[in-house]
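As structure tokens, the structure follows; a few thoughts come after it.
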Amino acid sequence: MIQSVLNQLIIKLTPLLPRSIVWRIAGKYVAGETAEEALSVIKELNDKKFLVTVDILGEHTNKAETADKITNEYLRLYDEIHKRGLDCNISVKPSHIGLDISLDCIHSNLNKLLEKAKGTDNFLRIDMESSLITDTTIELYEDFKKKYPKIGTVFQAYLHRTENDLKNLYRNGSFNFRLCKGIYKESSAIAIQRRRKINSNYLKLLRFAFENKIYVGIATHDLEILRNSYAMIADLNIPSNMFEFQVLYGVPMSGWLEKHLENGYKVRVYVPYGRDWYEYSIRRLKENPNIAGYILKDLFRK
Ligand code: FDA
């Protein structure tokens, strides 16, 4: 109750705060405003043995020129990653590079990115956005996967549909996906609402991936899920080249990242950057009040 009042308070107050104050909170989770800043964070993380996936902040682009500009920035990132020998792939939101404009636009931009990924021996992950575009995102993924094997997508454990989606996709052979809980506000008709049930679905879906030899990115900060994942990896004797742990840049993990590395497990950090950090942070905050709670917890932890 108190937590929820505090969350609402943060959500109401944040848009009234100057950008510099919001940056003191959001800046912990964002690698900077420019590609150069992000590349230097990526290098630091690589030096500490972490893999990275980089994302330019933003979504719902409504002009083709803007979608092209963002796509070009991603193309330059692939080149820089290659040139600097960084261990980093790219995560992209379909609505950021043209899905809201037209199918032609998103097709053309994804095609450019995947050609570049191929040319620089890299990988592309298509992030999963709200349930309004789950079907299209899966279709895009299936379509491009035929031509470009180094592509992955994301499935959200809170969606009722996800188990079926995974099973359907698996019918056409193995694939590569990130498993997360899901961040968008969805109704109970579409998504499981209770944390306990989301967690149990998460573990069910993870087991499905492990048992069917599907490469999975275990993307969570939930220590209960991590403990259960460790047990499942041991029980099913899953080789460490069949999964990686993934976390968002800046989220405190109580020593778990180091523990993963000591166990010989891969850890990939999702590094967002970009000039849109302010709008993006405010939108996310309004959409999902729980994020306000994490920020509070984090402030008090200090
Ligand atoms: P949960 O929300 O239960 O959090 C567990 C604990 O982790 C919290 O109690 C808190 O302490 C801490 N925590 C979690 N998030 C935090 C934060 N932002 N700041 C501080 N502490 C935090 N979603 C989506 O819909 N589509 C996508 O493509 C992706 N992609 C993605 C990539 C990666 C690498 C990660 C880690 C996550 C995503 N997500 C996502 C977001 C995901 O769906 C989910 O909303 C968040 O990861 C929070 O869920 P947890 O599994 O961490 O559990």
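Starting from 1 in every chain, residues are counted up; chains themselves are A, B, ... following the order of the structure tokens, and ligands are numbered from 1 as listed.
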With only C-alpha atoms and all ligand atoms counted, collect every polymer residue having an atom within 8 Å of ligand 1; state the result as a ChimeraX atom specification.
/A:29,93,126-130,153-156,178-184,195,217-223,225,246-248,250-253,268-270,290-291,294-295,297-298
Could you find all residues in region 13-90 of chain A that DSSP calls strand (DSSP E or B) from the backbone, and write them as a PDB file with N, CA and C atoms, in the first residue's frame?
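Listed below is the output, states19.pdb:
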```pdb
ATOM      1  N   LEU A  51      29.616  -9.707 -21.835  1.00  0.00           N
ATOM      2  CA  LEU A  51      29.173  -9.466 -23.209  1.00  0.00           C
ATOM      3  C   LEU A  51      28.149  -8.335 -23.143  1.00  0.00           C
ATOM      4  N   VAL A  52      27.872  -7.747 -24.294  1.00  0.00           N
ATOM      5  CA  VAL A  52      26.937  -6.613 -24.281  1.00  0.00           C
ATOM      6  C   VAL A  52      25.954  -6.739 -25.444  1.00  0.00           C
ATOM      7  N   THR A  53      24.767  -6.176 -25.248  1.00  0.00           N
ATOM      8  CA  THR A  53      23.892  -5.888 -26.376  1.00  0.00           C
ATOM      9  C   THR A  53      23.541  -4.406 -26.247  1.00  0.00           C
ATOM     10  N   VAL A  54      23.647  -3.672 -27.349  1.00  0.00           N
ATOM     11  CA  VAL A  54      23.449  -2.229 -27.267  1.00  0.00           C
ATOM     12  C   VAL A  54      22.136  -1.838 -27.949  1.00  0.00           C
ATOM     13  N   ASP A  55      21.492  -0.823 -27.387  1.00  0.00           N
ATOM     14  CA  ASP A  55      20.182  -0.411 -27.885  1.00  0.00           C
ATOM     15  C   ASP A  55      20.125   1.116 -27.905  1.00  0.00           C
ATOM     16  N   ILE A  56      19.624   1.668 -28.996  1.00  0.00           N
ATOM     17  CA  ILE A  56      19.417   3.126 -29.023  1.00  0.00           C
ATOM     18  C   ILE A  56      18.021   3.382 -28.450  1.00  0.00           C
ATOM     19  N   CYS A  88      29.854  -7.435 -28.714  1.00  0.00           N
ATOM     20  CA  CYS A  88      28.590  -6.732 -28.497  1.00  0.00           C
ATOM     21  C   CYS A  88      27.689  -6.927 -29.706  1.00  0.00           C
ATOM     22  N   ASN A  89      26.440  -7.321 -29.454  1.00  0.00           N
ATOM     23  CA  ASN A  89      25.485  -7.366 -30.561  1.00  0.00           C
ATOM     24  C   ASN A  89      24.478  -6.230 -30.399  1.00  0.00           C
ATOM     25  N   ILE A  90      23.438  -6.264 -31.224  1.00  0.00           N
ATOM     26  CA  ILE A  90      22.500  -5.132 -31.216  1.00  0.00           C
ATOM     27  C   ILE A  90      21.080  -5.608 -30.915  1.00  0.00           C
TER      28      ILE A  90
END
```
Please, what distance in Å, to one decimal, runs between CA of Ala67 (chain A) and CA of Ile97 (chain A)?
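So the answer is 4.5 Å.
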Find the residues around region 229-243 of chain A up to 9 Å (only C-alpha atoms counted), leave out those fewer than 6 positions away in its own chain, and share them as a PDB file with N, CA, C and O atoms, in the first residue's frame.
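Wrote it out as part.pdb, contents follow:
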```
ATOM      1  N   LEU A 203       9.704 -20.067 -15.433  1.00  0.00           N
ATOM      2  CA  LEU A 203      10.516 -21.280 -15.259  1.00  0.00           C
ATOM      3  C   LEU A 203      10.027 -22.418 -16.149  1.00  0.00           C
ATOM      4  O   LEU A 203      10.817 -23.205 -16.658  1.00  0.00           O
ATOM      5  N   LEU A 206      11.418 -21.622 -19.530  1.00  0.00           N
ATOM      6  CA  LEU A 206      12.864 -21.864 -19.524  1.00  0.00           C
ATOM      7  C   LEU A 206      13.141 -23.361 -19.661  1.00  0.00           C
ATOM      8  O   LEU A 206      14.013 -23.783 -20.427  1.00  0.00           O
ATOM      9  N   ARG A 207      12.361 -24.159 -18.936  1.00  0.00           N
ATOM     10  CA  ARG A 207      12.518 -25.617 -19.018  1.00  0.00           C
ATOM     11  C   ARG A 207      12.260 -26.090 -20.455  1.00  0.00           C
ATOM     12  O   ARG A 207      12.974 -26.931 -20.986  1.00  0.00           O
ATOM     13  N   PHE A 210      15.338 -25.359 -22.448  1.00  0.00           N
ATOM     14  CA  PHE A 210      16.436 -26.268 -22.092  1.00  0.00           C
ATOM     15  C   PHE A 210      16.176 -27.670 -22.658  1.00  0.00           C
ATOM     16  O   PHE A 210      17.057 -28.276 -23.253  1.00  0.00           O
ATOM     17  N   GLU A 211      14.953 -28.169 -22.460  1.00  0.00           N
ATOM     18  CA  GLU A 211      14.676 -29.554 -22.870  1.00  0.00           C
ATOM     19  C   GLU A 211      14.707 -29.718 -24.383  1.00  0.00           C
ATOM     20  O   GLU A 211      14.914 -30.807 -24.886  1.00  0.00           O
ATOM     21  N   LYS A 213      16.700 -27.875 -26.417  1.00  0.00           N
ATOM     22  CA  LYS A 213      17.983 -27.370 -26.950  1.00  0.00           C
ATOM     23  C   LYS A 213      17.813 -26.080 -27.755  1.00  0.00           C
ATOM     24  O   LYS A 213      18.344 -25.923 -28.849  1.00  0.00           O
ATOM     25  N   ILE A 214      17.018 -25.191 -27.204  1.00  0.00           N
ATOM     26  CA  ILE A 214      16.826 -23.872 -27.818  1.00  0.00           C
ATOM     27  C   ILE A 214      17.711 -22.895 -27.051  1.00  0.00           C
ATOM     28  O   ILE A 214      17.640 -22.844 -25.811  1.00  0.00           O
ATOM     29  N   TYR A 215      18.535 -22.123 -27.761  1.00  0.00           N
ATOM     30  CA  TYR A 215      19.432 -21.180 -27.078  1.00  0.00           C
ATOM     31  C   TYR A 215      18.606 -20.075 -26.417  1.00  0.00           C
ATOM     32  O   TYR A 215      17.767 -19.432 -27.059  1.00  0.00           O
ATOM     33  N   VAL A 216      18.853 -19.843 -25.123  1.00  0.00           N
ATOM     34  CA  VAL A 216      18.014 -18.887 -24.402  1.00  0.00           C
ATOM     35  C   VAL A 216      18.847 -17.865 -23.618  1.00  0.00           C
ATOM     36  O   VAL A 216      19.836 -18.219 -22.978  1.00  0.00           O
ATOM     37  N   GLY A 217      18.431 -16.616 -23.712  1.00  0.00           N
ATOM     38  CA  GLY A 217      19.006 -15.548 -22.885  1.00  0.00           C
ATOM     39  C   GLY A 217      18.112 -15.400 -21.667  1.00  0.00           C
ATOM     40  O   GLY A 217      16.939 -15.017 -21.799  1.00  0.00           O
ATOM     41  N   ILE A 218      18.637 -15.720 -20.493  1.00  0.00           N
ATOM     42  CA  ILE A 218      17.834 -15.679 -19.267  1.00  0.00           C
ATOM     43  C   ILE A 218      17.903 -14.247 -18.739  1.00  0.00           C
ATOM     44  O   ILE A 218      18.835 -13.868 -18.032  1.00  0.00           O
ATOM     45  N   GLY A 264      31.517 -20.022 -15.050  1.00  0.00           N
ATOM     46  CA  GLY A 264      31.768 -20.235 -16.487  1.00  0.00           C
ATOM     47  C   GLY A 264      30.543 -19.929 -17.340  1.00  0.00           C
ATOM     48  O   GLY A 264      30.438 -20.375 -18.483  1.00  0.00           O
ATOM     49  N   TYR A 265      29.585 -19.182 -16.800  1.00  0.00           N
ATOM     50  CA  TYR A 265      28.384 -18.825 -17.552  1.00  0.00           C
ATOM     51  C   TYR A 265      28.560 -17.462 -18.218  1.00  0.00           C
ATOM     52  O   TYR A 265      29.196 -16.574 -17.647  1.00  0.00           O
ATOM     53  N   LYS A 266      27.966 -17.319 -19.398  1.00  0.00           N
ATOM     54  CA  LYS A 266      28.043 -16.024 -20.081  1.00  0.00           C
ATOM     55  C   LYS A 266      27.055 -15.026 -19.462  1.00  0.00           C
ATOM     56  O   LYS A 266      25.943 -15.403 -19.092  1.00  0.00           O
TER      57      LYS A 266
END
```
Option closest in space to Phe123 (chain A), from A:Asp104, A:Glu44, A:Glu258, A:Asp87 [counting only C-alpha atoms]
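Among A:Asp104, A:Glu44, A:Glu258, A:Asp87, it is A:Asp87 that comes nearest to Phe123 (chain A).
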Return as an MDAnalysis selection string the full set of residues in region 125-208 of chain A whose backbone-based DSSP assignment is alpha helix (DSSP H).
chainID A and resid 134:147 162:170 195:208
Selected residue of minimal separation from Phe177 (chain A) among A:Ala209, A:Ile81, A:Val271, A:Leu103, counting only C-alpha atoms:
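Ranking A:Ala209, A:Ile81, A:Val271, A:Leu103 by distance to Phe177 (chain A), first place goes to A:Ala209.
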Looking at A:Gly274, A:Tyr148, A:Tyr280, A:Glu36, which one is nearest to Ile70 (chain A), with distances taken over only C-alpha atoms?
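Under the stated criterion, the closest residue is A:Gly274.
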When you draw a straight line from CA of Glu186 (chain A) to CA of Ser131 (chain A), how long is it in Å?
7.5 Å
Pick from A:Tyr78, A:Asn72, A:Asn62, A:Thr34: nearest to Ser102 (chain A), with only C-alpha atoms counted?
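Distance minimum relative to Ser102 (chain A) lands on A:Asn62.
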Out of A:Ser95, A:Asn212, A:Asn263, A:Asn176, which residue has the shortest atom-to-atom distance to Tyr141 (chain A) when counting only C-alpha atoms?
A:Asn176
Using only C-alpha atoms, pick whichever of A:Leu99, A:Leu261, A:Leu159, A:Leu166 has the shortest atom-to-atom distance to Ser188 (chain A).
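Using only C-alpha atoms, Ser188 (chain A) sits closest to A:Leu159.
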Would you work out the distance separating CA of Gln8 (chain A) from CA of Ser187 (chain A), expressed in Å to one decimal?
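Separation between CA of Gln8 (chain A) and CA of Ser187 (chain A): 19.1 Å.
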